[in-house]
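Working notes, beginning with the structure itself.
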Amino acid sequence: MFQLTDITKSFGATVALSNISLEIRQGEHVALIGPSGSGKTTLLKLLNGQVLQNSGSYSLIESDRAESHLDSLSNKDLRRLRSEIAYIPQDLGLIPQLKVFQNILLGRVGKHSALGMLSKFLIPPQKNLQHIFSLLQRVGIPEKMYQHTATLSGGQQQRVAVARALFQQAHTLLADEPISAVDPARARSLITLLSEIATENQLTLVMSIQNVNLAREFFPRMIGLKNGHILFDSPEPSTEQLEELYHLSESELVEP
Ligand SMILES: Nc1ncnc2c1ncn2[C@@H]1O[C@H](COP(=O)(O)OP(=O)(O)O)[C@@H](O)[C@H]1O
Ligand SMILES: [Mg+2]
């Protein structure tokens, strides 16, 4: 479904992704691992069309549609395509001043015109509210529906972000280090939730994750990124590969 061929992306002199080629099939669950600065966020944003490559090609093949090359799409098509790929940013991207159900409504922002969205936002249709309630039940916080988002704990806000992504009714869920800010028990519970939801809804799931053990346990495929390169793409990377992934080069070691 996602096909990346020889992708390179630089920010000024920094090469964030270098000659990346990979294919992700519909319904696959993929973990992106690697040290900070290795290009995980850039790769997720590229998949979502927020970042455009400098060279190489990225195409998306949806089951009922023709293949789309992302760099040749009109803004409208790009918006449609992005609306079908849910992205949970590392900072969650929620608006704290809004109520929980309002943040979830914003999940569909790309699917409507600005005016249509505004009217749905001001006077949400009953069926949307019912849908949002059922999603909040699914993520375990139905009682928070009408609370201000800022009053929720970090873990609860993550669940709101998951519900918002589901409300978007996307075929793909991209999550950028969704468990980095929570304790181990909550991390496990959230990753279980995301994996189960992806399986139930036959979503493609791509998640960056620092915890290699959890990645191993939950993901049948792990992609190791280092300095913008793919070091391995494997169901079960070896200890040597993992050591190489996190090994600091001489230049990164701080002199005492
Ligand atoms: N918008 C940007 N402007 C400049 N440099 C960036 C930008 N985004 C990412 N980078 C650089 O690209 C590299 C990869 O970053 P990133 O994809 O965020 O890595 P990771 O998510 O693995 O920590 C880093 O060196 C980072 O500083
Ligand atoms: Mg990152």
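Quick note on naming: the chains in the structure tokens go A, B, ... in the order shown, residues restart at 1 in each chain, and ligands are numbered from 1 in order of appearance.
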
Quiz item: What are the DSSP helix (DSSP H, G or I) residues of stretch 121-224 of chain A, as a count of residues only?
Solution: 60

Quiz item: Would you name the residues within 10 Å of ligand 1, counting only C-alpha atoms and all ligand atoms, and put them as a ChimeraX atom specification?
Solution: /A:9-17,32-46,51,90,176-177,208-210,225-228

Practice problem: Using atom CA of A:Asn48 and atom CA of A:His69 as the two end points, give the distance in Å to one decimal. | Solution: 12.6 Å

Self-check item: Selection near A:Ala175, 12 Å with only C-alpha atoms, sequence-local residues under 3 positions removed, as a count of residues only
Solution: 39

Quiz prompt | Gap from atom CA of A:Asn54 to atom CA of A:Leu22 - Å, one decimal | solution =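 Atom-to-atom, atom CA of A:Asn54 to atom CA of A:Leu22, that is 16.5 Å.
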
Quiz prompt | Test item: residues at most 6 Å from A:Ala163, only C-alpha atoms, excluding those fewer than 3 positions along its chain, as a count of residues only | solution = 3

Quiz prompt | Pairwise distance for atom CA of A:Arg82 and atom CA of A:Leu4, rounded to one decimal in Å | solution =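 Computing the Euclidean distance for atom CA of A:Arg82 and atom CA of A:Leu4 yields 16.4 Å.
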